[in-house]
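Asker: Right, I'll just put the structure down here and ask away after.
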Amino acid sequence: MCVCVTVHAQAPSAPRPNIAVEVPGVIGSISDQELAEARQPRPAPELKLPPGKHDYNLKGDSRTLFEQVAQMMGLKVVFDREYQPTANVRFSVEQEDAPSTLRLLEAATDSFVVPMGEHVILVARDTAQKRQLYARMIAVAVPIPEGVTTQEIQEIANAVRSSMDIRRLMADPDKRMLLIRDTEGKVRTAQLLAEDLMRPRPQVEVDVELMTTTSDVANHYGVSLPTSFPLVDLLGNGANILGTPIPPGVAGFLTFGGGMTFIGIGLTSATIWATASRSFTKTLDHAELLASNGQAATLKVGTKYPVVTNAYVGQVTGTGPVYTPPPTVQFEDLGLVLKITPHVHGMEEVTLDVEASFQLLAGTAASGLPIISSREYKGTVRMREGQSAILAGMMSASEARTAVGIMGLMDIPLIGKILSERTTDKAHDDTLIVLRPHLTIPPPTIFAVHEAWVGSETRPAEPL
């Protein structure tokens, strides 16, 4: 394309007045009439311009140039009554389509073209007053997607209004509508800008797996020997010397003096133990969390345990009914509490801010109140989309040994293990928390944004 514009003389243009406009707030209520007009706008006239690209090599004042170009394009031109032609101008364009040719002619002659029909255009001097008089005004209602907060709506509306210098822009959070009213060129561009800014936030689905394995091993072996020998008066109706009945388990008596006395020593039976038990438990809890970019999602797995914090203790005296206040109970969360806040980095990486706490009942204090043990984890992990990461691991192992036998005899090496009763308990617990993020809604940077030619601040572009 080659554009050659030669101006022989140019009359000084009148200074443009500064117009002070008071900018109202963007949050308000859209009336039903405004909404109906925006939803059913009257069709704006559109020019039917010839297709293809052509060369233009013309010379004359602005009025003559517009008449010649309009004749070549099959259009009829009407001039504003206050329109004054400029000095002679040479207008040379090579291989340019009809819309671009009219835009170049506007810039060369400091004029403003307004479509009045399919084959009629109005030409006026390009001033703020003429644009305000002839520019086509339209109103468009842009729906606000769900999930956009009132604060975000206000920020988006302020950004659109300030960037495009919109005369009237109203956001209604109740009706979830954004009303834009201005010239057609500004409104169409502002609509595209608002739709790009209101794209949904990226959303991440996090697979949470809580894997727990528990193994218990118990062995019980040895010989259970008698550890007490009661003295029994055989003539005292089966009572021992202390006057108490014969202990259970006494299978026979050992007498003194070859049976010449009436005192016997009670004998109990010995028992041989050899038992073993094995148990293995595997638990897999799977959950899925959906969270928007920068918004926290919380998962709770467990129960609520009641803890008495205040109770009435007293002695009831007198007669008649006595009112006893009920105890005050506070419920504590037992189990896993997981809080995840994702931050999306493009289509491949996600940063997760994780806060995890695990509480369980560990016993009872001397006062009767429960003892609750707590384990907490707080950190940040960055991982690729679809990658698995072990967030935290917890392992606990316990071993208990018990030996029962005759003192001194059970401590003899080798023989002591045979002549005593021994119990061994071993427990092993493993807990793993595994996270795996998946991107369900990509970030707005992945989508192609709209592009529009808006002209300059003093010469905004209007559709033809």
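Starting from 1 in every chain, residues are counted up; chains themselves are A, B, ... following the order of the structure tokens, and ligands are numbered from 1 as listed.
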Got a sec: who's within 10 Å of His450 in chain A, counting only C-alpha atoms, leaving out chain neighbours fewer than 2 positions off, as a list in words?

Answerer: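 Once the nearby chain positions are removed, what remains is Thr189, Leu192, Leu193, Glu195, Asp196, Phe447, Ala448 and Ala452 of chain A.
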
Asker: Which is closest to Met410 in chain A among A:Ala365, A:Val454, A:Ala311, A:Val223, if we use only C-alpha atoms?

Answerer: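 Closest to Met410 in chain A, using only C-alpha atoms: A:Val223.
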
Asker: Identify which of the residues A:Thr149, A:Leu104, A:Ala461, A:Glu348 lies closest to Arg136 in chain A, counting only C-alpha atoms when measuring atom-to-atom distances.

Answerer: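 Closest to Arg136 in chain A, using only C-alpha atoms: A:Ala461.
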
Asker: Tell me which of A:Thr309, A:Ser62, A:Gln203, A:Gln387 sits closest to Ala296 in chain A, counting only C-alpha atoms.

Answerer: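 Looking only at the distances to Ala296 in chain A, the closest residue turns out to be A:Gln203.
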
Asker: Quote the spacing between CA of Pro342 in chain A and CA of Thr380 in chain A in Å to one decimal place.

Answerer: 9.8 Å

Asker: Go ahead and compute the interatomic distance for CA of Arg382 in chain A and CA of Val350 in chain A, in Å to one decimal.

Answerer: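 Value for the CA of Arg382 in chain A-CA of Val350 in chain A distance: 5.8 Å.
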
Asker: If you measure from CA of Glu106 in chain A to CA of Ala139 in chain A, what distance in Å do you get, rounded to one decimal?

Answerer: 25.8 Å

Asker: Taking only C-alpha atoms into account, which of A:Val308, A:Gln154, A:Leu58, A:Glu451 comes nearest Arg188 in chain A?

Answerer: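 Between A:Val308, A:Gln154, A:Leu58, A:Glu451, the residue approaching Arg188 in chain A most closely is A:Glu451.
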
Asker: Using only C-alpha atoms, which of A:Pro442, A:Gly117, A:Gly52, A:Gly368 sits nearest Thr101 in chain A?

Answerer: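 The answer is A:Gly52, which sits nearest to Thr101 in chain A.
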
Asker: For His119 in chain A, please output as a ChimeraX atom specification all residues within 7 Å (counting only C-alpha atoms; exclusion window: fewer than 5 positions along the same chain).

Answerer: /A:47-48,75-76

Asker: Write the selection just made, keeping N, CA and C atoms, as a PDB file, in the first residue's frame?

Answerer:
ATOM      1  N   LEU A  47     -23.129   0.149   5.451  1.00  0.00           N
ATOM      2  CA  LEU A  47     -22.816   0.428   4.050  1.00  0.00           C
ATOM      3  C   LEU A  47     -22.553  -0.864   3.282  1.00  0.00           C
ATOM      4  N   LYS A  48     -22.982  -0.904   2.074  1.00  0.00           N
ATOM      5  CA  LYS A  48     -22.652  -1.991   1.160  1.00  0.00           C
ATOM      6  C   LYS A  48     -21.553  -1.493   0.240  1.00  0.00           C
ATOM      7  N   LEU A  75     -21.637   5.117  -4.088  1.00  0.00           N
ATOM      8  CA  LEU A  75     -22.285   5.711  -2.929  1.00  0.00           C
ATOM      9  C   LEU A  75     -22.746   7.127  -3.250  1.00  0.00           C
ATOM     10  N   LYS A  76     -23.672   7.593  -2.451  1.00  0.00           N
ATOM     11  CA  LYS A  76     -24.131   8.972  -2.515  1.00  0.00           C
ATOM     12  C   LYS A  76     -23.646   9.678  -1.261  1.00  0.00           C
TER      13      LYS A  76
END

Asker: Return the single residue from A:His220, A:Lys378, A:Lys186, A:Arg459 that is closest to Ser163 in chain A, with distances computed using only C-alpha atoms.

Answerer: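 Selected residue with least distance to Ser163 in chain A: A:Lys186.
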
Asker: Would you list, as an MDAnalysis selection string, the residues of range 25-195 of chain A that end up in alpha helix (DSSP H) under DSSP run on this structure's backbone?

Answerer: chainID A and resid 32:39 62:73 98:109 128:134 150:164 184:195

Asker: What parts of range 270-383 of chain A does DSSP call strand (DSSP E or B)? I'd like the answer as a ChimeraX atom specification.

Answerer: /A:271-292,297-310,328-345,349-364,370-383

Asker: At a cut-off of 7 Å, using only C-alpha atoms, what residues contact range 205-211 of chain A? Leave out same-chain residues fewer than 2 positions from it and give the result as a list in words.

Answerer: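 Returned residues: Gln203, Thr213, Thr283, Leu284, Asp285, His286, Ala287, Glu288, Leu289, Leu290, Ala291, Thr431, Leu432, Ile433, Val434, Leu435, Arg436, Pro437, His438, Leu439 and Thr440 of chain A.
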
Asker: Write to file, as a PDB file, in the first residue's frame, the residues of the selection just made, with N, CA and C atoms.

Answerer:
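After the write, part.pdb holds the following:
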ATOM      1  N   GLN A 203      -9.560 -23.216  37.043  1.00  0.00           N
ATOM      2  CA  GLN A 203     -10.061 -24.114  38.091  1.00  0.00           C
ATOM      3  C   GLN A 203      -9.224 -25.383  38.110  1.00  0.00           C
ATOM      4  N   THR A 213      -1.837 -47.957  56.332  1.00  0.00           N
ATOM      5  CA  THR A 213      -1.585 -49.392  56.506  1.00  0.00           C
ATOM      6  C   THR A 213      -1.277 -49.650  57.971  1.00  0.00           C
ATOM      7  N   THR A 283      -6.131 -49.142  54.301  1.00  0.00           N
ATOM      8  CA  THR A 283      -7.255 -48.234  54.093  1.00  0.00           C
ATOM      9  C   THR A 283      -6.855 -47.186  53.064  1.00  0.00           C
ATOM     10  N   LEU A 284      -7.725 -46.958  52.089  1.00  0.00           N
ATOM     11  CA  LEU A 284      -7.491 -45.957  51.051  1.00  0.00           C
ATOM     12  C   LEU A 284      -8.717 -45.054  50.981  1.00  0.00           C
ATOM     13  N   ASP A 285      -8.548 -43.804  51.382  1.00  0.00           N
ATOM     14  CA  ASP A 285      -9.603 -42.794  51.273  1.00  0.00           C
ATOM     15  C   ASP A 285      -9.269 -41.877  50.110  1.00  0.00           C
ATOM     16  N   HIS A 286     -10.231 -41.736  49.190  1.00  0.00           N
ATOM     17  CA  HIS A 286     -10.031 -40.924  47.991  1.00  0.00           C
ATOM     18  C   HIS A 286     -11.075 -39.816  47.963  1.00  0.00           C
ATOM     19  N   ALA A 287     -10.611 -38.598  47.714  1.00  0.00           N
ATOM     20  CA  ALA A 287     -11.501 -37.437  47.635  1.00  0.00           C
ATOM     21  C   ALA A 287     -11.030 -36.538  46.508  1.00  0.00           C
ATOM     22  N   GLU A 288     -11.966 -35.744  45.973  1.00  0.00           N
ATOM     23  CA  GLU A 288     -11.670 -34.803  44.905  1.00  0.00           C
ATOM     24  C   GLU A 288     -12.114 -33.412  45.333  1.00  0.00           C
ATOM     25  N   LEU A 289     -11.207 -32.444  45.209  1.00  0.00           N
ATOM     26  CA  LEU A 289     -11.486 -31.065  45.566  1.00  0.00           C
ATOM     27  C   LEU A 289     -11.426 -30.198  44.320  1.00  0.00           C
ATOM     28  N   LEU A 290     -12.428 -29.341  44.159  1.00  0.00           N
ATOM     29  CA  LEU A 290     -12.443 -28.364  43.075  1.00  0.00           C
ATOM     30  C   LEU A 290     -12.222 -26.985  43.682  1.00  0.00           C
ATOM     31  N   ALA A 291     -11.248 -26.264  43.167  1.00  0.00           N
ATOM     32  CA  ALA A 291     -10.921 -24.949  43.707  1.00  0.00           C
ATOM     33  C   ALA A 291     -10.533 -24.027  42.561  1.00  0.00           C
ATOM     34  N   THR A 431       0.995 -43.775  57.329  1.00  0.00           N
ATOM     35  CA  THR A 431      -0.030 -42.907  56.753  1.00  0.00           C
ATOM     36  C   THR A 431       0.625 -41.987  55.740  1.00  0.00           C
ATOM     37  N   LEU A 432       0.081 -41.947  54.528  1.00  0.00           N
ATOM     38  CA  LEU A 432       0.582 -41.098  53.452  1.00  0.00           C
ATOM     39  C   LEU A 432      -0.558 -40.262  52.890  1.00  0.00           C
ATOM     40  N   ILE A 433      -0.272 -38.979  52.600  1.00  0.00           N
ATOM     41  CA  ILE A 433      -1.220 -38.077  51.941  1.00  0.00           C
ATOM     42  C   ILE A 433      -0.647 -37.748  50.572  1.00  0.00           C
ATOM     43  N   VAL A 434      -1.359 -38.136  49.525  1.00  0.00           N
ATOM     44  CA  VAL A 434      -0.905 -37.963  48.148  1.00  0.00           C
ATOM     45  C   VAL A 434      -1.836 -36.977  47.446  1.00  0.00           C
ATOM     46  N   LEU A 435      -1.254 -35.986  46.753  1.00  0.00           N
ATOM     47  CA  LEU A 435      -2.013 -34.981  46.004  1.00  0.00           C
ATOM     48  C   LEU A 435      -1.690 -35.104  44.523  1.00  0.00           C
ATOM     49  N   ARG A 436      -2.728 -34.899  43.699  1.00  0.00           N
ATOM     50  CA  ARG A 436      -2.548 -34.966  42.242  1.00  0.00           C
ATOM     51  C   ARG A 436      -3.470 -33.906  41.615  1.00  0.00           C
ATOM     52  N   PRO A 437      -2.930 -32.778  41.124  1.00  0.00           N
ATOM     53  CA  PRO A 437      -3.782 -31.725  40.550  1.00  0.00           C
ATOM     54  C   PRO A 437      -4.078 -31.965  39.072  1.00  0.00           C
ATOM     55  N   HIS A 438      -5.286 -31.550  38.673  1.00  0.00           N
ATOM     56  CA  HIS A 438      -5.705 -31.591  37.269  1.00  0.00           C
ATOM     57  C   HIS A 438      -6.353 -30.248  36.935  1.00  0.00           C
ATOM     58  N   LEU A 439      -5.968 -29.672  35.814  1.00  0.00           N
ATOM     59  CA  LEU A 439      -6.498 -28.382  35.389  1.00  0.00           C
ATOM     60  C   LEU A 439      -7.777 -28.603  34.605  1.00  0.00           C
ATOM     61  N   THR A 440      -8.918 -28.144  35.149  1.00  0.00           N
ATOM     62  CA  THR A 440     -10.217 -28.314  34.485  1.00  0.00           C
ATOM     63  C   THR A 440     -10.612 -27.097  33.659  1.00  0.00           C
TER      64      THR A 440
END

Asker: Need the shell around range 167-169 of chain A: protein/DNA/RNA residues with any atom at most 8 Å away, counting only C-alpha atoms. Skip same-chain ones fewer than 6 positions apart. Format as a list in words?

Answerer: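 These residues fall inside the cut-off: Val26, Ala157, Arg161, Leu178, Leu179, Ile180, Arg181 and Asp182 of chain A.
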
Asker: Do a neighbour search on Leu105 in chain A at 8 Å with only C-alpha atoms, toss out local chain neighbours closer than 5 positions, and write the hits as a PyMOL selection string.

Answerer: chain A and resi 66+91+111

Asker: Store the residues of this selection in a file with N, CA and C atoms, as an mmCIF file, in the first residue's frame.

Answerer:
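See again_10.cif below for the written result:
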data_model
loop_
_atom_site.group_PDB
_atom_site.id
_atom_site.type_symbol
_atom_site.label_atom_id
_atom_site.label_comp_id
_atom_site.auth_asym_id
_atom_site.auth_seq_id
_atom_site.Cartn_x
_atom_site.Cartn_y
_atom_site.Cartn_z
ATOM 1 N N PHE A 66 -14.300 13.490 -1.744
ATOM 2 C CA PHE A 66 -15.343 12.600 -1.259
ATOM 3 C C PHE A 66 -16.356 12.298 -2.354
ATOM 4 N N PHE A 91 -4.658 12.882 -3.285
ATOM 5 C CA PHE A 91 -4.940 11.629 -2.560
ATOM 6 C C PHE A 91 -4.553 10.468 -3.466
ATOM 7 N N SER A 111 -11.998 14.864 8.282
ATOM 8 C CA SER A 111 -13.446 14.760 8.169
ATOM 9 C C SER A 111 -13.932 13.544 8.946
#
